[in-house]
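The structure appears right after this line, and notes come after that.
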Amino acid sequence: MVSIAAWIIGFAICYFFVDHIYGFLMEPLASSFAEGQERRFIYTSLPETFLTYMKLAAFAGFFLAFPVMAAQVYGFVAPGLYASERKAFLPYLVVAPVLFFLGAALAYYYVFPLAWKFFISFESGGSALPMPIQLEAKVSDYLALVMQVLIAFGLCFQLPVVLTLLGHVGIVDAEGLAKKRKIAILVIVSVAAVLTPPDVISQIALSIPLYLLYEISILSCRM
């Protein structure tokens, strides 16, 4: 109930600033167009923009309320742990959101500008076609794509947390992870291909950090 209350409060705060939040998410696309070009977003049903803003406020409100939710999870689990286990578990609650935001920041500041320019490059002025091809993105479609990529990058950056926890309880070990590097690379590339937009830039941008995080996980398990 405390977590739900925190999420509702976060939702209300974020809905008040939803124009600013959407403008922040829109900035990488706006910057990808040539200077002086006037572009626009469209919506094709009356409630589309309102529902999109509601989804965005809920999405941003969850992030705002996450520290409270994490504290509630720890408060629920902690009484069942030994003192040494509490000390071992607590750092993960701090590291997990930090890694999530690092993954989302990588997507926003590096992947979005490159991917959006790649997609915009398929616009045609009509020189070789009977009619020009021009991007007029829908409000809801753009938010759905942005949320998909941000969540994908954030969750994938949890790899060291998950593997270190599994190593802590004895399910995996550093030697086993080191021997399975080839399989890990295949899985990482496959996951990146599924979770990112269908362009090579986004897939490579997720695959390389994921592999580095896998190597960090091996070191963390060994420690």
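How things are named: the first chain in the structure tokens is A, the next is B, and so on; residues count from 1 in each chain; ligands count from 1 in the order shown.
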
(Q) List the spatial neighbours of range 106-114 of chain A as JSON, numbers by chain - criterion: any atom at most 7 Å away, only C-alpha atoms, same-chain residues fewer than 4 positions off excluded. (A) {"A": [28, 29, 32, 102, 118, 149, 150, 153, 202, 205]}

Q.
I want to know what sits within 8 Å of Ile218 in chain A, based on only C-alpha atoms, with residues of the same chain fewer than 4 positions away left out; could you give that as a ChimeraX atom specification?
A. /A:173-175,177-178,214,222

How would the residues just chosen look if you wrote them out with N, CA, C and O atoms as a CSV table (one decimal), in the first residue's frame?
```csv
chain,number,residue,atom,x,y,z
A,173,ASP,N,29.3,-19.5,-10.8
A,173,ASP,CA,30.6,-19.1,-10.3
A,173,ASP,C,31.4,-18.5,-11.4
A,173,ASP,O,31.1,-18.6,-12.6
A,174,ALA,N,32.5,-17.8,-11.0
A,174,ALA,CA,33.3,-17.0,-12.0
A,174,ALA,C,33.9,-17.9,-13.0
A,174,ALA,O,33.9,-17.5,-14.2
A,175,GLU,N,34.4,-19.1,-12.7
A,175,GLU,CA,35.0,-20.0,-13.6
A,175,GLU,C,34.0,-20.5,-14.7
A,175,GLU,O,34.3,-20.5,-15.9
A,177,LEU,N,31.2,-18.9,-15.6
A,177,LEU,CA,30.9,-17.8,-16.5
A,177,LEU,C,32.0,-17.6,-17.5
A,177,LEU,O,31.7,-17.2,-18.6
A,178,ALA,N,33.2,-17.7,-17.1
A,178,ALA,CA,34.4,-17.4,-18.0
A,178,ALA,C,34.4,-18.4,-19.1
A,178,ALA,O,34.8,-18.1,-20.2
A,214,TYR,N,29.1,-8.2,-18.6
A,214,TYR,CA,29.3,-9.7,-18.3
A,214,TYR,C,30.7,-9.9,-17.8
A,214,TYR,O,30.9,-10.7,-16.8
A,222,ARG,N,34.0,-13.5,-8.7
A,222,ARG,CA,35.2,-14.0,-8.2
A,222,ARG,C,35.6,-13.3,-6.9
A,222,ARG,O,36.1,-13.9,-6.0
```

Can you tell me, as a compact mmCIF listing (two decimals) with N, CA and C atoms, in the first residue's frame, which residues in range 34-220 of chain A count as helix (DSSP H, G or I) by DSSP?
```txt
# COMPACT_ATOMS: atom_id res chain seq x y z
N GLU A 48 -5.98 10.06 -28.00
CA GLU A 48 -4.64 9.49 -28.10
C GLU A 48 -3.61 10.27 -27.28
N THR A 49 -3.58 11.57 -27.43
CA THR A 49 -2.58 12.37 -26.72
C THR A 49 -2.80 12.30 -25.21
N PHE A 50 -4.08 12.38 -24.78
CA PHE A 50 -4.39 12.29 -23.35
C PHE A 50 -3.92 10.96 -22.78
N LEU A 51 -4.23 9.85 -23.46
CA LEU A 51 -3.83 8.53 -22.98
C LEU A 51 -2.31 8.39 -22.99
N THR A 52 -1.66 8.97 -23.99
CA THR A 52 -0.20 8.93 -24.05
C THR A 52 0.40 9.67 -22.87
N TYR A 53 -0.14 10.82 -22.54
CA TYR A 53 0.34 11.58 -21.39
C TYR A 53 0.12 10.81 -20.08
N MET A 54 -1.02 10.10 -19.99
CA MET A 54 -1.28 9.28 -18.80
C MET A 54 -0.23 8.18 -18.67
N LYS A 55 0.06 7.51 -19.78
CA LYS A 55 1.07 6.44 -19.76
C LYS A 55 2.44 7.00 -19.38
N LEU A 56 2.78 8.15 -19.94
CA LEU A 56 4.08 8.76 -19.65
C LEU A 56 4.18 9.16 -18.18
N ALA A 57 3.09 9.73 -17.62
CA ALA A 57 3.09 10.11 -16.21
C ALA A 57 3.22 8.89 -15.32
N ALA A 58 2.56 7.78 -15.68
CA ALA A 58 2.68 6.54 -14.90
C ALA A 58 4.09 5.98 -15.00
N PHE A 59 4.66 6.05 -16.19
CA PHE A 59 6.03 5.55 -16.42
C PHE A 59 7.04 6.36 -15.62
N ALA A 60 6.95 7.69 -15.70
CA ALA A 60 7.88 8.55 -14.97
C ALA A 60 7.61 8.49 -13.47
N GLY A 61 6.33 8.37 -13.08
CA GLY A 61 6.00 8.28 -11.66
C GLY A 61 6.56 7.04 -11.01
N PHE A 62 6.64 5.95 -11.78
CA PHE A 62 7.24 4.72 -11.25
C PHE A 62 8.71 4.95 -10.90
N PHE A 63 9.44 5.61 -11.79
CA PHE A 63 10.85 5.90 -11.52
C PHE A 63 11.00 6.80 -10.30
N LEU A 64 10.10 7.77 -10.19
CA LEU A 64 10.16 8.69 -9.05
C LEU A 64 9.90 7.97 -7.74
N ALA A 65 9.01 6.98 -7.78
CA ALA A 65 8.64 6.25 -6.57
C ALA A 65 9.52 5.04 -6.30
N PHE A 66 10.42 4.73 -7.22
CA PHE A 66 11.20 3.49 -7.08
C PHE A 66 12.01 3.42 -5.78
N PRO A 67 12.66 4.50 -5.32
CA PRO A 67 13.40 4.39 -4.05
C PRO A 67 12.50 3.97 -2.88
N VAL A 68 11.28 4.48 -2.86
CA VAL A 68 10.34 4.09 -1.80
C VAL A 68 9.98 2.61 -1.94
N MET A 69 9.74 2.17 -3.17
CA MET A 69 9.39 0.77 -3.42
C MET A 69 10.54 -0.16 -3.02
N ALA A 70 11.76 0.24 -3.37
CA ALA A 70 12.93 -0.57 -3.01
C ALA A 70 13.08 -0.66 -1.50
N ALA A 71 12.85 0.45 -0.81
CA ALA A 71 12.92 0.44 0.65
C ALA A 71 11.86 -0.48 1.25
N GLN A 72 10.66 -0.51 0.63
CA GLN A 72 9.60 -1.39 1.11
C GLN A 72 9.96 -2.86 0.90
N VAL A 73 10.57 -3.16 -0.24
CA VAL A 73 11.01 -4.53 -0.51
C VAL A 73 12.05 -4.96 0.53
N TYR A 74 13.01 -4.08 0.76
CA TYR A 74 14.05 -4.40 1.75
C TYR A 74 13.44 -4.55 3.15
N GLY A 75 12.50 -3.67 3.50
CA GLY A 75 11.86 -3.76 4.80
C GLY A 75 11.08 -5.04 4.98
N PHE A 76 10.54 -5.59 3.88
CA PHE A 76 9.81 -6.85 3.94
C PHE A 76 10.75 -8.04 4.07
N VAL A 77 11.87 -8.00 3.35
CA VAL A 77 12.79 -9.14 3.30
C VAL A 77 13.73 -9.16 4.50
N ALA A 78 14.16 -7.99 4.95
CA ALA A 78 15.22 -7.89 5.97
C ALA A 78 14.96 -8.70 7.23
N PRO A 79 13.74 -8.72 7.80
CA PRO A 79 13.54 -9.48 9.04
C PRO A 79 13.82 -10.98 8.91
N GLY A 80 13.76 -11.51 7.69
CA GLY A 80 14.02 -12.92 7.49
C GLY A 80 15.48 -13.24 7.18
N ALA A 83 22.13 -10.99 9.95
CA ALA A 83 22.78 -9.68 9.86
C ALA A 83 23.76 -9.63 8.70
N SER A 84 24.53 -10.70 8.49
CA SER A 84 25.50 -10.73 7.39
C SER A 84 24.81 -10.71 6.04
N GLU A 85 23.63 -11.38 5.96
CA GLU A 85 22.88 -11.39 4.70
C GLU A 85 22.27 -10.03 4.41
N ARG A 86 21.86 -9.32 5.46
CA ARG A 86 21.32 -7.97 5.26
C ARG A 86 22.39 -7.06 4.66
N LYS A 87 23.60 -7.16 5.21
CA LYS A 87 24.70 -6.34 4.71
C LYS A 87 25.02 -6.69 3.25
N ALA A 88 24.88 -7.96 2.89
CA ALA A 88 25.18 -8.38 1.52
C ALA A 88 24.07 -7.95 0.56
N PHE A 89 22.82 -7.92 1.05
CA PHE A 89 21.68 -7.62 0.19
C PHE A 89 21.51 -6.12 -0.05
N LEU A 90 21.82 -5.32 0.94
CA LEU A 90 21.56 -3.88 0.88
C LEU A 90 22.26 -3.18 -0.29
N PRO A 91 23.54 -3.48 -0.57
CA PRO A 91 24.20 -2.78 -1.69
C PRO A 91 23.50 -2.96 -3.04
N TYR A 92 22.84 -4.12 -3.23
CA TYR A 92 22.17 -4.36 -4.51
C TYR A 92 21.01 -3.39 -4.72
N LEU A 93 20.35 -3.00 -3.64
CA LEU A 93 19.25 -2.03 -3.76
C LEU A 93 19.76 -0.66 -4.20
N VAL A 94 21.02 -0.37 -3.89
CA VAL A 94 21.61 0.90 -4.30
C VAL A 94 22.15 0.81 -5.72
N VAL A 95 22.81 -0.31 -6.02
CA VAL A 95 23.46 -0.46 -7.32
C VAL A 95 22.45 -0.65 -8.45
N ALA A 96 21.37 -1.40 -8.19
CA ALA A 96 20.40 -1.72 -9.25
C ALA A 96 19.81 -0.47 -9.90
N PRO A 97 19.25 0.50 -9.14
CA PRO A 97 18.71 1.70 -9.82
C PRO A 97 19.79 2.53 -10.49
N VAL A 98 21.00 2.55 -9.93
CA VAL A 98 22.08 3.31 -10.56
C VAL A 98 22.40 2.72 -11.93
N LEU A 99 22.50 1.39 -12.01
CA LEU A 99 22.77 0.75 -13.29
C LEU A 99 21.62 0.95 -14.27
N PHE A 100 20.38 0.92 -13.74
CA PHE A 100 19.23 1.14 -14.62
C PHE A 100 19.30 2.52 -15.26
N PHE A 101 19.58 3.54 -14.46
CA PHE A 101 19.65 4.90 -14.99
C PHE A 101 20.85 5.06 -15.93
N LEU A 102 21.95 4.36 -15.67
CA LEU A 102 23.08 4.41 -16.59
C LEU A 102 22.71 3.82 -17.94
N GLY A 103 21.98 2.70 -17.93
CA GLY A 103 21.52 2.10 -19.17
C GLY A 103 20.58 3.01 -19.93
N ALA A 104 19.64 3.63 -19.21
CA ALA A 104 18.70 4.54 -19.85
C ALA A 104 19.42 5.77 -20.40
N ALA A 105 20.43 6.26 -19.65
CA ALA A 105 21.19 7.43 -20.11
C ALA A 105 21.97 7.10 -21.38
N LEU A 106 22.53 5.89 -21.45
CA LEU A 106 23.24 5.48 -22.66
C LEU A 106 22.29 5.49 -23.86
N ALA A 107 21.08 4.97 -23.66
CA ALA A 107 20.10 4.94 -24.74
C ALA A 107 19.73 6.36 -25.17
N TYR A 108 19.50 7.24 -24.20
CA TYR A 108 19.01 8.59 -24.51
C TYR A 108 20.08 9.44 -25.19
N TYR A 109 21.28 9.44 -24.63
CA TYR A 109 22.31 10.37 -25.09
C TYR A 109 23.15 9.83 -26.25
N TYR A 110 23.16 8.52 -26.44
CA TYR A 110 24.02 7.97 -27.50
C TYR A 110 23.22 7.24 -28.57
N VAL A 111 22.34 6.32 -28.14
CA VAL A 111 21.63 5.49 -29.11
C VAL A 111 20.57 6.28 -29.86
N PHE A 112 19.75 7.05 -29.14
CA PHE A 112 18.67 7.78 -29.80
C PHE A 112 19.16 8.70 -30.92
N PRO A 113 20.16 9.57 -30.69
CA PRO A 113 20.60 10.43 -31.79
C PRO A 113 21.06 9.66 -33.02
N LEU A 114 21.79 8.57 -32.81
CA LEU A 114 22.28 7.79 -33.95
C LEU A 114 21.15 7.04 -34.64
N ALA A 115 20.29 6.39 -33.85
CA ALA A 115 19.20 5.60 -34.44
C ALA A 115 18.19 6.49 -35.16
N TRP A 116 17.84 7.62 -34.55
CA TRP A 116 16.85 8.49 -35.17
C TRP A 116 17.37 9.06 -36.49
N LYS A 117 18.65 9.45 -36.53
CA LYS A 117 19.22 9.95 -37.79
C LYS A 117 19.22 8.86 -38.86
N PHE A 118 19.46 7.63 -38.44
CA PHE A 118 19.44 6.50 -39.38
C PHE A 118 18.05 6.34 -39.98
N PHE A 119 17.02 6.38 -39.15
CA PHE A 119 15.66 6.21 -39.64
C PHE A 119 15.21 7.40 -40.49
N ILE A 120 15.61 8.60 -40.09
CA ILE A 120 15.22 9.80 -40.84
C ILE A 120 15.89 9.81 -42.22
N VAL A 139 2.22 10.55 -31.81
CA VAL A 139 2.58 10.80 -30.42
C VAL A 139 2.73 9.48 -29.65
N SER A 140 1.74 8.60 -29.78
CA SER A 140 1.74 7.35 -29.02
C SER A 140 2.83 6.40 -29.50
N ASP A 141 3.04 6.33 -30.83
CA ASP A 141 4.05 5.42 -31.37
C ASP A 141 5.45 5.83 -30.90
N TYR A 142 5.72 7.12 -30.91
CA TYR A 142 7.04 7.58 -30.50
C TYR A 142 7.29 7.26 -29.03
N LEU A 143 6.30 7.52 -28.17
CA LEU A 143 6.48 7.24 -26.75
C LEU A 143 6.68 5.74 -26.51
N ALA A 144 5.92 4.91 -27.23
CA ALA A 144 6.04 3.46 -27.07
C ALA A 144 7.45 2.99 -27.43
N LEU A 145 8.00 3.51 -28.53
CA LEU A 145 9.34 3.13 -28.95
C LEU A 145 10.38 3.60 -27.95
N VAL A 146 10.26 4.85 -27.48
CA VAL A 146 11.21 5.39 -26.51
C VAL A 146 11.18 4.59 -25.21
N MET A 147 9.99 4.29 -24.72
CA MET A 147 9.86 3.52 -23.48
C MET A 147 10.45 2.13 -23.64
N GLN A 148 10.20 1.51 -24.79
CA GLN A 148 10.73 0.17 -25.05
C GLN A 148 12.26 0.16 -24.96
N VAL A 149 12.88 1.14 -25.61
CA VAL A 149 14.35 1.17 -25.64
C VAL A 149 14.91 1.52 -24.26
N LEU A 150 14.33 2.50 -23.58
CA LEU A 150 14.82 2.89 -22.26
C LEU A 150 14.72 1.73 -21.27
N ILE A 151 13.58 1.04 -21.26
CA ILE A 151 13.40 -0.09 -20.35
C ILE A 151 14.35 -1.22 -20.71
N ALA A 152 14.51 -1.49 -22.02
CA ALA A 152 15.40 -2.57 -22.45
C ALA A 152 16.84 -2.31 -21.99
N PHE A 153 17.32 -1.11 -22.21
CA PHE A 153 18.69 -0.79 -21.80
C PHE A 153 18.82 -0.83 -20.27
N GLY A 154 17.83 -0.28 -19.57
CA GLY A 154 17.89 -0.28 -18.11
C GLY A 154 17.90 -1.67 -17.52
N LEU A 155 17.03 -2.55 -18.04
CA LEU A 155 16.97 -3.92 -17.52
C LEU A 155 18.23 -4.71 -17.87
N CYS A 156 18.74 -4.53 -19.08
CA CYS A 156 19.94 -5.26 -19.47
C CYS A 156 21.14 -4.86 -18.62
N LEU A 159 22.48 -6.88 -15.46
CA LEU A 159 23.20 -8.15 -15.60
C LEU A 159 24.20 -8.40 -14.46
N PRO A 160 25.06 -7.43 -14.09
CA PRO A 160 25.99 -7.70 -12.99
C PRO A 160 25.29 -7.97 -11.66
N VAL A 161 24.18 -7.29 -11.42
CA VAL A 161 23.44 -7.50 -10.18
C VAL A 161 22.89 -8.92 -10.12
N VAL A 162 22.27 -9.37 -11.22
CA VAL A 162 21.66 -10.70 -11.26
C VAL A 162 22.74 -11.79 -11.13
N LEU A 163 23.80 -11.67 -11.92
CA LEU A 163 24.83 -12.72 -11.89
C LEU A 163 25.59 -12.74 -10.57
N THR A 164 25.82 -11.57 -9.99
CA THR A 164 26.52 -11.53 -8.70
C THR A 164 25.65 -12.12 -7.60
N LEU A 165 24.36 -11.85 -7.63
CA LEU A 165 23.45 -12.47 -6.66
C LEU A 165 23.43 -13.99 -6.82
N LEU A 166 23.37 -14.46 -8.07
CA LEU A 166 23.40 -15.90 -8.32
C LEU A 166 24.72 -16.51 -7.85
N GLY A 167 25.81 -15.75 -8.04
CA GLY A 167 27.10 -16.22 -7.55
C GLY A 167 27.15 -16.24 -6.03
N HIS A 168 26.48 -15.28 -5.41
CA HIS A 168 26.49 -15.18 -3.95
C HIS A 168 25.79 -16.38 -3.31
N ALA A 174 32.51 -17.80 -11.00
CA ALA A 174 33.30 -17.03 -11.96
C ALA A 174 33.91 -17.91 -13.04
N GLU A 175 34.40 -19.09 -12.65
CA GLU A 175 35.03 -19.98 -13.62
C GLU A 175 34.02 -20.46 -14.67
N GLY A 176 32.82 -20.81 -14.21
CA GLY A 176 31.79 -21.26 -15.13
C GLY A 176 31.37 -20.17 -16.11
N LEU A 177 31.25 -18.95 -15.60
CA LEU A 177 30.89 -17.83 -16.48
C LEU A 177 31.99 -17.55 -17.49
N ALA A 178 33.24 -17.66 -17.05
CA ALA A 178 34.37 -17.41 -17.95
C ALA A 178 34.43 -18.45 -19.07
N LYS A 179 34.08 -19.70 -18.77
CA LYS A 179 34.12 -20.76 -19.78
C LYS A 179 32.99 -20.61 -20.80
N ARG A 181 31.84 -17.84 -22.25
CA ARG A 181 31.85 -16.52 -22.91
C ARG A 181 31.23 -16.57 -24.30
N LYS A 182 31.54 -17.61 -25.07
CA LYS A 182 31.02 -17.69 -26.44
C LYS A 182 29.49 -17.78 -26.44
N ILE A 183 28.97 -18.59 -25.51
CA ILE A 183 27.51 -18.70 -25.42
C ILE A 183 26.93 -17.36 -24.96
N ALA A 184 27.61 -16.71 -24.02
CA ALA A 184 27.14 -15.42 -23.51
C ALA A 184 27.08 -14.38 -24.62
N ILE A 185 28.11 -14.36 -25.49
CA ILE A 185 28.12 -13.41 -26.61
C ILE A 185 26.94 -13.66 -27.54
N LEU A 186 26.67 -14.94 -27.84
CA LEU A 186 25.54 -15.28 -28.71
C LEU A 186 24.22 -14.83 -28.08
N VAL A 187 24.06 -15.06 -26.78
CA VAL A 187 22.82 -14.66 -26.08
C VAL A 187 22.71 -13.14 -26.06
N ILE A 188 23.81 -12.44 -25.78
CA ILE A 188 23.80 -10.98 -25.72
C ILE A 188 23.39 -10.37 -27.06
N VAL A 189 23.97 -10.87 -28.14
CA VAL A 189 23.63 -10.35 -29.47
C VAL A 189 22.16 -10.62 -29.80
N SER A 190 21.69 -11.81 -29.43
CA SER A 190 20.29 -12.17 -29.69
C SER A 190 19.34 -11.28 -28.90
N VAL A 191 19.65 -11.06 -27.63
CA VAL A 191 18.81 -10.21 -26.79
C VAL A 191 18.80 -8.78 -27.32
N ALA A 192 19.97 -8.27 -27.72
CA ALA A 192 20.06 -6.92 -28.26
C ALA A 192 19.24 -6.78 -29.54
N ALA A 193 19.24 -7.83 -30.37
CA ALA A 193 18.47 -7.79 -31.62
C ALA A 193 16.97 -7.74 -31.35
N VAL A 194 16.52 -8.41 -30.28
CA VAL A 194 15.09 -8.47 -29.97
C VAL A 194 14.61 -7.19 -29.30
N LEU A 195 15.42 -6.64 -28.38
CA LEU A 195 14.96 -5.54 -27.54
C LEU A 195 15.13 -4.15 -28.15
N VAL A 200 21.21 -1.72 -36.94
CA VAL A 200 22.47 -2.28 -36.45
C VAL A 200 23.08 -1.40 -35.36
N ILE A 201 22.91 -0.08 -35.47
CA ILE A 201 23.53 0.85 -34.52
C ILE A 201 23.04 0.57 -33.10
N SER A 202 21.73 0.46 -32.92
CA SER A 202 21.18 0.21 -31.59
C SER A 202 21.61 -1.14 -31.05
N GLN A 203 21.65 -2.14 -31.92
CA GLN A 203 22.04 -3.49 -31.49
C GLN A 203 23.49 -3.53 -31.02
N ILE A 204 24.38 -2.88 -31.76
CA ILE A 204 25.79 -2.83 -31.36
C ILE A 204 25.95 -2.01 -30.08
N ALA A 205 25.19 -0.90 -29.99
CA ALA A 205 25.29 -0.02 -28.82
C ALA A 205 24.85 -0.72 -27.54
N LEU A 206 23.97 -1.71 -27.65
CA LEU A 206 23.57 -2.48 -26.47
C LEU A 206 24.47 -3.68 -26.26
N SER A 207 24.92 -4.32 -27.34
CA SER A 207 25.72 -5.55 -27.22
C SER A 207 27.07 -5.29 -26.55
N ILE A 208 27.75 -4.21 -26.94
CA ILE A 208 29.10 -3.95 -26.39
C ILE A 208 29.06 -3.67 -24.89
N PRO A 209 28.18 -2.76 -24.40
CA PRO A 209 28.12 -2.57 -22.94
C PRO A 209 27.70 -3.84 -22.19
N LEU A 210 26.80 -4.64 -22.79
CA LEU A 210 26.36 -5.86 -22.14
C LEU A 210 27.52 -6.84 -21.97
N TYR A 211 28.36 -6.94 -23.00
CA TYR A 211 29.51 -7.84 -22.88
C TYR A 211 30.48 -7.33 -21.81
N LEU A 212 30.71 -6.02 -21.77
CA LEU A 212 31.58 -5.46 -20.72
C LEU A 212 30.99 -5.71 -19.33
N LEU A 213 29.67 -5.59 -19.21
CA LEU A 213 29.01 -5.88 -17.93
C LEU A 213 29.13 -7.37 -17.58
N TYR A 214 29.14 -8.23 -18.58
CA TYR A 214 29.33 -9.66 -18.34
C TYR A 214 30.72 -9.92 -17.76
N GLU A 215 31.73 -9.24 -18.31
CA GLU A 215 33.09 -9.39 -17.79
C GLU A 215 33.17 -8.84 -16.36
N ILE A 216 32.49 -7.72 -16.11
CA ILE A 216 32.44 -7.17 -14.74
C ILE A 216 31.77 -8.15 -13.80
N SER A 217 30.75 -8.85 -14.28
CA SER A 217 30.05 -9.84 -13.46
C SER A 217 30.99 -10.97 -13.06
N ILE A 218 31.85 -11.38 -13.99
CA ILE A 218 32.82 -12.45 -13.67
C ILE A 218 33.74 -12.00 -12.56
N LEU A 219 34.24 -10.76 -12.67
CA LEU A 219 35.11 -10.22 -11.61
C LEU A 219 34.37 -10.09 -10.28
N SER A 220 33.11 -9.67 -10.36
CA SER A 220 32.32 -9.50 -9.15
C SER A 220 32.07 -10.84 -8.47
```

Q: Using DSSP on the backbone, list every residue of chain A that comes out as strand (DSSP E or B), and give them as a ChimeraX atom specification.
A: /A:42,124,133,138

Write the residues of the preceding selection, restricted to all heavy atoms, as a PDB file, in the first residue's frame.
```pdb
ATOM      1  N   ILE A  42       1.864  13.956 -34.799  1.00  0.00           N
ATOM      2  CA  ILE A  42       0.428  13.899 -35.084  1.00  0.00           C
ATOM      3  C   ILE A  42      -0.246  12.898 -34.154  1.00  0.00           C
ATOM      4  O   ILE A  42       0.413  12.038 -33.559  1.00  0.00           O
ATOM      5  CB  ILE A  42       0.159  13.498 -36.550  1.00  0.00           C
ATOM      6  CG1 ILE A  42       0.657  12.065 -36.820  1.00  0.00           C
ATOM      7  CG2 ILE A  42       0.792  14.482 -37.514  1.00  0.00           C
ATOM      8  CD1 ILE A  42       0.203  11.507 -38.166  1.00  0.00           C
ATOM      9  N   SER A 124      12.543  10.705 -48.378  1.00  0.00           N
ATOM     10  CA  SER A 124      12.870  11.005 -49.777  1.00  0.00           C
ATOM     11  C   SER A 124      12.168  12.280 -50.190  1.00  0.00           C
ATOM     12  O   SER A 124      10.980  12.478 -49.919  1.00  0.00           O
ATOM     13  CB  SER A 124      12.425   9.849 -50.683  1.00  0.00           C
ATOM     14  OG  SER A 124      12.525  10.224 -52.042  1.00  0.00           O
ATOM     15  N   ILE A 133       8.471  10.828 -49.507  1.00  0.00           N
ATOM     16  CA  ILE A 133       8.277  10.072 -48.270  1.00  0.00           C
ATOM     17  C   ILE A 133       8.790  10.930 -47.129  1.00  0.00           C
ATOM     18  O   ILE A 133       9.961  11.310 -47.105  1.00  0.00           O
ATOM     19  CB  ILE A 133       9.045   8.739 -48.299  1.00  0.00           C
ATOM     20  CG1 ILE A 133       8.526   7.855 -49.439  1.00  0.00           C
ATOM     21  CG2 ILE A 133       8.914   8.009 -46.971  1.00  0.00           C
ATOM     22  CD1 ILE A 133       9.313   6.584 -49.623  1.00  0.00           C
ATOM     23  N   LYS A 138       3.601   9.541 -34.934  1.00  0.00           N
ATOM     24  CA  LYS A 138       2.460   9.629 -34.026  1.00  0.00           C
ATOM     25  C   LYS A 138       2.969   9.801 -32.601  1.00  0.00           C
ATOM     26  O   LYS A 138       3.994   9.242 -32.215  1.00  0.00           O
ATOM     27  CB  LYS A 138       1.601   8.374 -34.112  1.00  0.00           C
ATOM     28  CG  LYS A 138       0.768   8.265 -35.378  1.00  0.00           C
ATOM     29  CD  LYS A 138      -0.085   7.003 -35.355  1.00  0.00           C
ATOM     30  CE  LYS A 138      -1.091   7.036 -34.234  1.00  0.00           C
ATOM     31  NZ  LYS A 138      -1.951   5.844 -34.211  1.00  0.00           N
TER      32      LYS A 138
END
```
